[in-house]
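Asks: Next up is a structure, given as structure tokens.
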Amino acid sequence: MSTRIDDRFAALRKEGRAALVTFVMAGDPDLATSLDILKGLPRAGADVIEVGMPFTDPMADGPAIQAAGLRALKAGTTLKKTLKLVADFRAGDDATPLVLMGYYNPIYVYGVDAFLRDARAAGVDGLIVVDLPPEEDAELCVPARDAGLNFIRLATPTTDDRRLPKVLQNTSGFVYYVSLTGITGAALADYAGVSQAVARIKRHTGLPIAVGFGVKNAENAAEIARNADGVVVGTALVEALKASLDAEGHAGPSSVSAVTGLVASIAEGVRDARPKRGVLSWLTRLVS
Amino acid sequence: MNKPLPNSFRAGPDENGRFGIFGGRFVAETLMPLVLDLETAYEKAKNDPAFHEELQGLHKHYVGRPSPLYFAERITEHVREKAEEGKGAKVYFKRDELNHTGAHKINNVLGQILLARRMGKKRIIAETGAGQHGVATATACARFGLDCVVYMGAVDVERQKPNVFRMKMLGAEVIPVQSGARTLKDAMNEALRDWVTNVANTFYCIGTVAGPHPYPAMVRDFQSIIGNETRVQIQEAEGRLPDSLVACIGGGSNAMGLFHPFLDDASVEIYGVEAGGHGIDVPNGHAASLTGGRPGVLHGNRTYLLMDDDGQILEGHSISAGLDYPGIGPEHSWLHEIGRVKYLNATDKEALNAFQLCSKLEGIIPALEPSHALAKVFELAAQKPRDHLMVMNMCGRGDKDIFTVAEHLGGM
């Protein structure tokens, strides 16, 4: 059974370019603005959308995403409302893959079966749950797979060759390679190290590899898009949104365009990262 | 509960770090290899006599163990005066407040620091609430020449100034945490963020019986010296085991240390006392996770948590910074559900009363944390016959709390 995520990565592979994966926090700074941003992302060039499920204690996130989650919670966002947000987005877009990302407790409290049923009905394609390593697969990963949702796992520089098979075992959709140890929003590691790591993971799996943590602009994105199957940008978008808010943290007139504008610019970087197909074959002929 | 009771209450956790459904390893992938390494290193140390010998040497000569088991004569008299004829248990204190650094926290810290040394880690991080675990960690790091970084909620930095100063004197870097509610849970989040970032050289010294496996079991093992000594000492003093045990619970390390060696002694009643704050009925006004919370997943384990209907973690409240935590060790959650330990709670006000009574009757200024346990000792002891032996863990001394207490009592 293929999902929107599988279809999208397959199509982009044919096009010969990497996917742009964009992260925004559900309900930041409020649910209406959040919906407008989601609607604008595909047009701006986002190929896959990650929607953060706000949580009070995001222990793997840096200050920017922590603050985004707290703004969303302050605006009254709950897991139920996040699923409604996805359904509202899905009503106008049946093609763009959408992944929910967050922490386990709100899902556990919602009830795993009820959550999977409602997430699938809302049009969610995959899940990233930061605090569920493979050792806890029975909790959500396996039930999600059985419910037809992808469970996307993070691989990190500490995930060595011995551990990778365990991490990849029940992973589907794509692999999210976290390009450095640390919290979201930290500076990017060296690009050569990233491309080596991508090659290393590819020796273990045929799944697409998206790389995240530290991508700020079109240049960073282009560097990563040369070798990876996807580029994840999150903190930079959250920061751009925050900069557009008024003193009370409410949305301003430019809040939506602050995010979509940055996405458009990064999308260009992703699209220009590799030589076009035609150019490539011309170059190949020239060399031989 | 329809489930059959286990043959032993002391067998957990299982190979997945579970006590029943509680516990586990709910951490980001970055930390998984570290948590697995720690488990391997701890298993190895646990079976190495040289490790225990080194730890015992430090307990004796550096900490001052064994801590005395003290007959609290005037508190016993006080209880008997107020109790019905023939009632009023004989109350003993396990004097862990006499340890070097003034609390039970050092028992666990020394174990973990010796383990960190074995693992070749040079940088130690810790979270702290009241500051007792931070002080103990800073102390052990000074003793062994290790770098020490302590995360402490900005609110706690303010209300526990003497301990902040002590940590700095001992050479530790104290980082006030400004995120979230700026108390113990946020300090733990920040310590986890540090660990995720500095995986290669850093050892995370967790201060209580919570966190991902193997921490709950490892910290319990290091704290079990409290119960093991008590077992020997009460038999020397009275020729038999105690009839009941009482200890306060935030994360629950001092309680687990006292309780664990007695879990399979069916005759021993066991009471844990959570922080009732302004009262259990006051929304978000207490820190009693078992009484007022329900199961959830936070900080690497499944356990009882204070949270709202959406699974968002509440801040909780207690006059005691050491009990002000929205979770509890997973083994306590399990002992609660199977009914082996009875969990009560004491309010801020009850703890303050106990604090004053203990100071005046015994010449012991208790920390606000064990003052919660003591508040329930007054109630429980009054209902028991005079030949009932009750042991309470006096897990910390109150020097750090005198300003907080003065503020609540309206000045000195």
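Quick note on naming: the chains in the structure tokens go A, B, ... in the order shown, residues restart at 1 in each chain, and ligands are numbered from 1 in order of appearance.
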Tell me the residues of chain A close to chain B, meaning within 10 Å using only C-alpha atoms, as a ChimeraX atom specification.
Replies: /A:54-63,66-67,70,73,77-80,103-110,129-136,153-160,163,167,178,180-184,186
Asks: Within 9 Å of A:Ser34, counting only C-alpha atoms, which residues qualify if same-chain residues fewer than 5 places away don't, as a ChimeraX atom specification?
Replies: /A:24-29,39,85,256
Asks: Could those selected residues go to a file with C-alpha atoms, as a PDB file, in the first residue's frame?
Replies:
```pdb
ATOM      1  CA  VAL A  24       5.474  24.419  10.943  1.00  0.00           C
ATOM      2  CA  MET A  25       3.915  24.228  14.393  1.00  0.00           C
ATOM      3  CA  ALA A  26       0.161  23.634  14.439  1.00  0.00           C
ATOM      4  CA  GLY A  27      -1.653  26.618  15.911  1.00  0.00           C
ATOM      5  CA  ASP A  28       1.329  28.990  15.903  1.00  0.00           C
ATOM      6  CA  PRO A  29       0.409  31.760  16.513  1.00  0.00           C
ATOM      7  CA  LYS A  39      -2.408  26.209   2.388  1.00  0.00           C
ATOM      8  CA  LEU A  85      -6.408  21.704  11.092  1.00  0.00           C
ATOM      9  CA  VAL A 256       1.793  34.086   6.167  1.00  0.00           C
TER      10      VAL A 256
END
```
Asks: Which neighbours of B:Gly277 fall inside 9 Å, counting only C-alpha atoms, when residues of the same chain fewer than 4 positions from it are skipped, and could you give them as a tab-separated table (two decimals) with N, CA and C atoms, in the first residue's frame?
Replies:
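Output file out11.tsv is given in full below:
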```
chain	number	residue	atom	x	y	z
B	282	VAL	N	-7.28	21.44	44.85
B	282	VAL	CA	-6.97	22.70	44.16
B	282	VAL	C	-6.32	22.38	42.82
B	285	GLY	N	-2.62	22.82	42.05
B	285	GLY	CA	-2.14	23.41	43.29
B	285	GLY	C	-1.36	22.44	44.17
B	286	HIS	N	-0.98	21.30	43.60
B	286	HIS	CA	-0.25	20.30	44.39
B	286	HIS	C	0.74	19.58	43.48
B	287	ALA	N	1.53	18.69	44.06
B	287	ALA	CA	2.49	17.92	43.26
B	287	ALA	C	2.33	16.43	43.54
B	288	ALA	N	1.10	16.00	43.81
B	288	ALA	CA	0.83	14.60	44.15
B	288	ALA	C	0.46	13.83	42.89
B	316	GLY	N	2.39	21.86	38.68
B	316	GLY	CA	2.32	21.38	40.05
B	316	GLY	C	2.77	22.46	41.00
B	317	HIS	N	2.47	22.27	42.27
B	317	HIS	CA	2.94	23.22	43.29
B	317	HIS	C	3.27	22.50	44.57
B	318	SER	N	4.37	22.90	45.18
B	318	SER	CA	4.66	22.51	46.56
B	318	SER	C	5.54	23.58	47.17
B	319	ILE	N	5.40	23.77	48.47
B	319	ILE	CA	6.29	24.70	49.19
B	319	ILE	C	7.72	24.19	49.10
B	320	SER	N	7.86	22.89	48.88
B	320	SER	CA	9.18	22.28	48.81
B	320	SER	C	9.63	22.14	47.36
B	324	ASP	N	8.46	19.40	44.04
B	324	ASP	CA	7.70	20.13	43.04
B	324	ASP	C	7.98	19.56	41.65
B	345	ASN	N	-0.75	12.04	51.09
B	345	ASN	CA	-0.15	13.34	50.80
B	345	ASN	C	-0.31	14.28	51.97
B	346	ALA	N	0.62	15.24	52.05
B	346	ALA	CA	0.59	16.25	53.11
B	346	ALA	C	0.64	17.62	52.47
B	347	THR	N	-0.15	18.55	52.99
B	347	THR	CA	-0.20	19.90	52.42
B	347	THR	C	1.00	20.73	52.88
B	348	ASP	N	1.19	21.88	52.23
B	348	ASP	CA	2.24	22.83	52.62
B	348	ASP	C	2.12	23.14	54.12
B	349	LYS	N	0.88	23.38	54.52
B	349	LYS	CA	0.63	23.81	55.89
B	349	LYS	C	0.99	22.71	56.89
```
Asks: So that I can check the surroundings of A:Pro165, please list as a PDB file with C-alpha atoms, in the first residue's frame every protein, DNA and RNA residue that reaches within 10 Å of it, counting only C-alpha atoms and ignoring chain neighbours fewer than 5 positions away.
Replies:
```pdb
ATOM      1  CA  THR A 159      23.178   5.661  15.149  1.00  0.00           C
ATOM      2  CA  ASP A 160      26.100   3.484  14.060  1.00  0.00           C
ATOM      3  CA  ASN A 170       9.892  -0.704  10.992  1.00  0.00           C
ATOM      4  CA  THR A 171      10.585   2.655   9.349  1.00  0.00           C
ATOM      5  CA  ILE A 201      22.388   4.962   5.529  1.00  0.00           C
ATOM      6  CA  HIS A 204      21.152  -0.147   4.670  1.00  0.00           C
ATOM      7  CA  THR A 205      17.887   0.963   3.059  1.00  0.00           C
TER       8      THR A 205
END
```
Asks: Going by DSSP on the backbone, which bits of stretch 98-219 of chain A are strand (DSSP E or B)? Write them as number ranges by chain, please.
Replies: A: 98-102, 126-129, 150-151, 153-155, 175-178, 209-212
Asks: List every residue of stretch 2-102 of chain A that DSSP, applied to the backbone, labels as alpha helix (DSSP H), and write the result as an mmCIF file with C-alpha atoms, in the first residue's frame.
Replies:
```cif
data_model
loop_
_atom_site.group_PDB
_atom_site.id
_atom_site.type_symbol
_atom_site.label_atom_id
_atom_site.label_comp_id
_atom_site.auth_asym_id
_atom_site.auth_seq_id
_atom_site.Cartn_x
_atom_site.Cartn_y
_atom_site.Cartn_z
ATOM 1 C CA ARG A 4 1.164 10.108 -0.539
ATOM 2 C CA ILE A 5 4.699 10.193 0.890
ATOM 3 C CA ASP A 6 5.849 7.221 -1.205
ATOM 4 C CA ASP A 7 4.213 8.664 -4.338
ATOM 5 C CA ARG A 8 5.753 12.089 -3.851
ATOM 6 C CA PHE A 9 9.310 10.836 -3.329
ATOM 7 C CA ALA A 10 8.960 8.476 -6.318
ATOM 8 C CA ALA A 11 7.814 11.345 -8.539
ATOM 9 C CA LEU A 12 10.667 13.616 -7.410
ATOM 10 C CA ARG A 13 13.196 10.861 -7.952
ATOM 11 C CA LYS A 14 12.020 10.763 -11.576
ATOM 12 C CA GLU A 15 12.376 14.530 -11.774
ATOM 13 C CA LEU A 31 -5.146 28.044 14.208
ATOM 14 C CA ALA A 32 -6.553 30.322 11.460
ATOM 15 C CA THR A 33 -3.119 31.716 10.555
ATOM 16 C CA SER A 34 -1.702 28.240 10.766
ATOM 17 C CA LEU A 35 -4.233 27.003 8.197
ATOM 18 C CA ASP A 36 -3.408 29.883 5.845
ATOM 19 C CA ILE A 37 0.276 29.035 6.124
ATOM 20 C CA LEU A 38 -0.351 25.345 5.448
ATOM 21 C CA LYS A 39 -2.408 26.209 2.388
ATOM 22 C CA GLY A 40 0.354 28.457 1.078
ATOM 23 C CA LEU A 41 3.196 25.968 1.520
ATOM 24 C CA PRO A 42 2.645 23.736 -1.554
ATOM 25 C CA ARG A 43 2.335 26.772 -3.842
ATOM 26 C CA ALA A 44 5.582 28.154 -2.375
ATOM 27 C CA PRO A 63 14.391 27.582 21.990
ATOM 28 C CA ALA A 64 12.649 28.587 18.707
ATOM 29 C CA ILE A 65 10.469 25.488 18.430
ATOM 30 C CA GLN A 66 9.877 25.376 22.198
ATOM 31 C CA ALA A 67 8.525 28.920 22.005
ATOM 32 C CA ALA A 68 6.394 28.092 18.950
ATOM 33 C CA GLY A 69 4.807 25.205 20.856
ATOM 34 C CA LEU A 70 4.069 27.401 23.847
ATOM 35 C CA ARG A 71 2.497 30.082 21.591
ATOM 36 C CA ALA A 72 0.317 27.393 20.025
ATOM 37 C CA LEU A 73 -0.751 26.031 23.404
ATOM 38 C CA LYS A 74 -1.492 29.539 24.644
ATOM 39 C CA LEU A 79 -4.238 17.464 19.543
ATOM 40 C CA LYS A 80 -7.899 17.350 18.526
ATOM 41 C CA LYS A 81 -7.665 20.836 17.007
ATOM 42 C CA THR A 82 -4.423 19.894 15.259
ATOM 43 C CA LEU A 83 -6.214 16.991 13.570
ATOM 44 C CA LYS A 84 -9.042 19.364 12.580
ATOM 45 C CA LEU A 85 -6.408 21.704 11.092
ATOM 46 C CA VAL A 86 -5.056 18.834 8.992
ATOM 47 C CA ALA A 87 -8.565 17.902 7.836
ATOM 48 C CA ASP A 88 -9.227 21.530 6.815
ATOM 49 C CA PHE A 89 -5.966 21.587 4.847
ATOM 50 C CA ARG A 90 -6.731 18.222 3.274
ATOM 51 C CA ALA A 91 -10.133 19.474 2.057
ATOM 52 C CA GLY A 92 -8.286 21.696 -0.438
#
```
Asks: Can you pull out every residue within 10 Å of B:Tyr215, counting only C-alpha atoms, but drop anything in the same chain fewer than 6 positions away, and send it as a short mmCIF file (atom, residue, chain, number, x, y, z; two decimals) with all heavy atoms, in the first residue's frame?
Replies:
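Okay, out_5.cif is ready:
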```
data_model
loop_
_atom_site.label_atom_id
_atom_site.label_comp_id
_atom_site.auth_asym_id
_atom_site.auth_seq_id
_atom_site.Cartn_x
_atom_site.Cartn_y
_atom_site.Cartn_z
N GLY B 17 13.15 -2.64 30.88
CA GLY B 17 13.13 -1.55 31.84
C GLY B 17 11.75 -1.25 32.37
O GLY B 17 11.49 -0.14 32.81
N GLY B 23 7.78 2.66 33.33
CA GLY B 23 9.20 2.67 33.02
C GLY B 23 9.41 2.72 31.51
O GLY B 23 8.68 3.39 30.80
N ARG B 25 11.96 3.14 27.87
CA ARG B 25 13.06 3.98 27.36
C ARG B 25 12.51 4.92 26.32
O ARG B 25 12.72 4.74 25.12
CB ARG B 25 14.14 3.09 26.75
CG ARG B 25 15.02 2.41 27.78
CD ARG B 25 16.02 1.48 27.14
NE ARG B 25 15.35 0.29 26.65
CZ ARG B 25 15.86 -0.95 26.75
NH1 ARG B 25 17.03 -1.16 27.28
NH2 ARG B 25 15.18 -1.98 26.28
N VAL B 35 22.07 5.45 26.36
CA VAL B 35 21.30 4.78 27.41
C VAL B 35 21.65 3.29 27.44
O VAL B 35 21.79 2.69 28.50
CB VAL B 35 19.80 5.03 27.16
CG1 VAL B 35 18.95 4.10 27.98
CG2 VAL B 35 19.43 6.47 27.47
N LEU B 38 25.12 2.88 28.93
CA LEU B 38 25.06 3.06 30.38
C LEU B 38 24.56 1.78 31.05
O LEU B 38 25.10 1.35 32.07
CB LEU B 38 24.12 4.23 30.71
CG LEU B 38 23.88 4.50 32.19
CD1 LEU B 38 25.17 4.90 32.88
CD2 LEU B 38 22.83 5.59 32.38
N GLU B 39 23.57 1.17 30.42
CA GLU B 39 23.01 -0.06 30.99
C GLU B 39 24.09 -1.15 31.06
O GLU B 39 24.24 -1.82 32.08
CB GLU B 39 21.83 -0.52 30.12
CG GLU B 39 21.10 -1.71 30.68
CD GLU B 39 19.94 -2.16 29.78
OE1 GLU B 39 19.58 -1.42 28.85
OE2 GLU B 39 19.43 -3.26 30.02
N TYR B 42 26.66 -0.26 33.70
CA TYR B 42 26.16 -0.43 35.06
C TYR B 42 26.08 -1.91 35.43
O TYR B 42 26.45 -2.29 36.55
CB TYR B 42 24.79 0.24 35.24
CG TYR B 42 24.23 0.00 36.61
CD1 TYR B 42 24.97 0.37 37.74
CD2 TYR B 42 23.00 -0.62 36.80
CE1 TYR B 42 24.51 0.11 39.02
CE2 TYR B 42 22.54 -0.89 38.08
CZ TYR B 42 23.29 -0.52 39.18
OH TYR B 42 22.83 -0.79 40.43
N GLN B 112 26.96 7.00 40.75
CA GLN B 112 26.98 7.39 39.34
C GLN B 112 28.31 8.00 38.92
O GLN B 112 28.77 7.80 37.80
CB GLN B 112 25.83 8.37 39.03
CG GLN B 112 24.46 7.70 39.05
CD GLN B 112 23.41 8.53 38.33
OE1 GLN B 112 23.61 8.99 37.21
NE2 GLN B 112 22.28 8.73 38.97
N TYR B 204 25.12 12.00 32.20
CA TYR B 204 23.99 12.66 32.84
C TYR B 204 23.70 11.97 34.17
O TYR B 204 23.28 10.82 34.20
CB TYR B 204 22.77 12.63 31.92
CG TYR B 204 21.54 13.33 32.48
CD1 TYR B 204 21.62 14.18 33.58
CD2 TYR B 204 20.29 13.17 31.89
CE1 TYR B 204 20.51 14.82 34.09
CE2 TYR B 204 19.16 13.82 32.40
CZ TYR B 204 19.28 14.63 33.51
OH TYR B 204 18.17 15.26 34.01
N CYS B 205 23.93 12.69 35.26
CA CYS B 205 23.73 12.16 36.60
C CYS B 205 22.32 12.54 37.07
O CYS B 205 22.11 13.64 37.59
CB CYS B 205 24.81 12.74 37.53
SG CYS B 205 24.75 12.10 39.21
N ILE B 206 21.35 11.64 36.85
CA ILE B 206 19.97 11.93 37.24
C ILE B 206 19.81 11.74 38.75
O ILE B 206 20.36 10.81 39.32
CB ILE B 206 18.97 11.03 36.45
CG1 ILE B 206 19.00 11.41 34.96
CG2 ILE B 206 17.55 11.16 37.00
CD1 ILE B 206 17.98 10.67 34.09
N GLY B 207 19.05 12.64 39.36
CA GLY B 207 18.98 12.68 40.82
C GLY B 207 17.89 11.86 41.46
O GLY B 207 17.81 11.77 42.68
N THR B 208 17.01 11.28 40.65
CA THR B 208 15.94 10.52 41.27
C THR B 208 15.66 9.23 40.51
O THR B 208 16.31 8.97 39.49
CB THR B 208 14.67 11.39 41.40
OG1 THR B 208 13.74 10.71 42.26
CG2 THR B 208 14.02 11.67 40.05
N VAL B 209 14.70 8.44 41.02
CA VAL B 209 14.43 7.13 40.43
C VAL B 209 13.51 7.25 39.22
O VAL B 209 12.53 6.52 39.09
CB VAL B 209 13.81 6.17 41.48
CG1 VAL B 209 14.85 5.69 42.45
CG2 VAL B 209 12.65 6.84 42.22
N ASP B 221 19.05 1.23 43.33
CA ASP B 221 20.09 0.37 43.88
C ASP B 221 21.07 1.18 44.74
O ASP B 221 21.45 0.75 45.83
CB ASP B 221 20.86 -0.35 42.77
CG ASP B 221 19.99 -1.36 42.02
OD1 ASP B 221 18.88 -1.66 42.51
OD2 ASP B 221 20.42 -1.83 40.94
N GLY B 300 11.50 10.16 29.50
CA GLY B 300 12.07 8.84 29.26
C GLY B 300 11.32 7.68 29.86
O GLY B 300 11.69 6.53 29.64
N ASN B 301 10.26 7.95 30.64
CA ASN B 301 9.53 6.82 31.22
C ASN B 301 8.03 7.04 31.26
O ASN B 301 7.55 8.16 31.22
CB ASN B 301 10.06 6.45 32.62
CG ASN B 301 10.03 7.60 33.62
OD1 ASN B 301 10.44 7.44 34.77
ND2 ASN B 301 9.54 8.76 33.22
N GLY B 329 8.83 8.40 40.12
CA GLY B 329 9.54 7.24 39.60
C GLY B 329 8.57 6.14 39.19
O GLY B 329 7.58 5.91 39.87
#
```
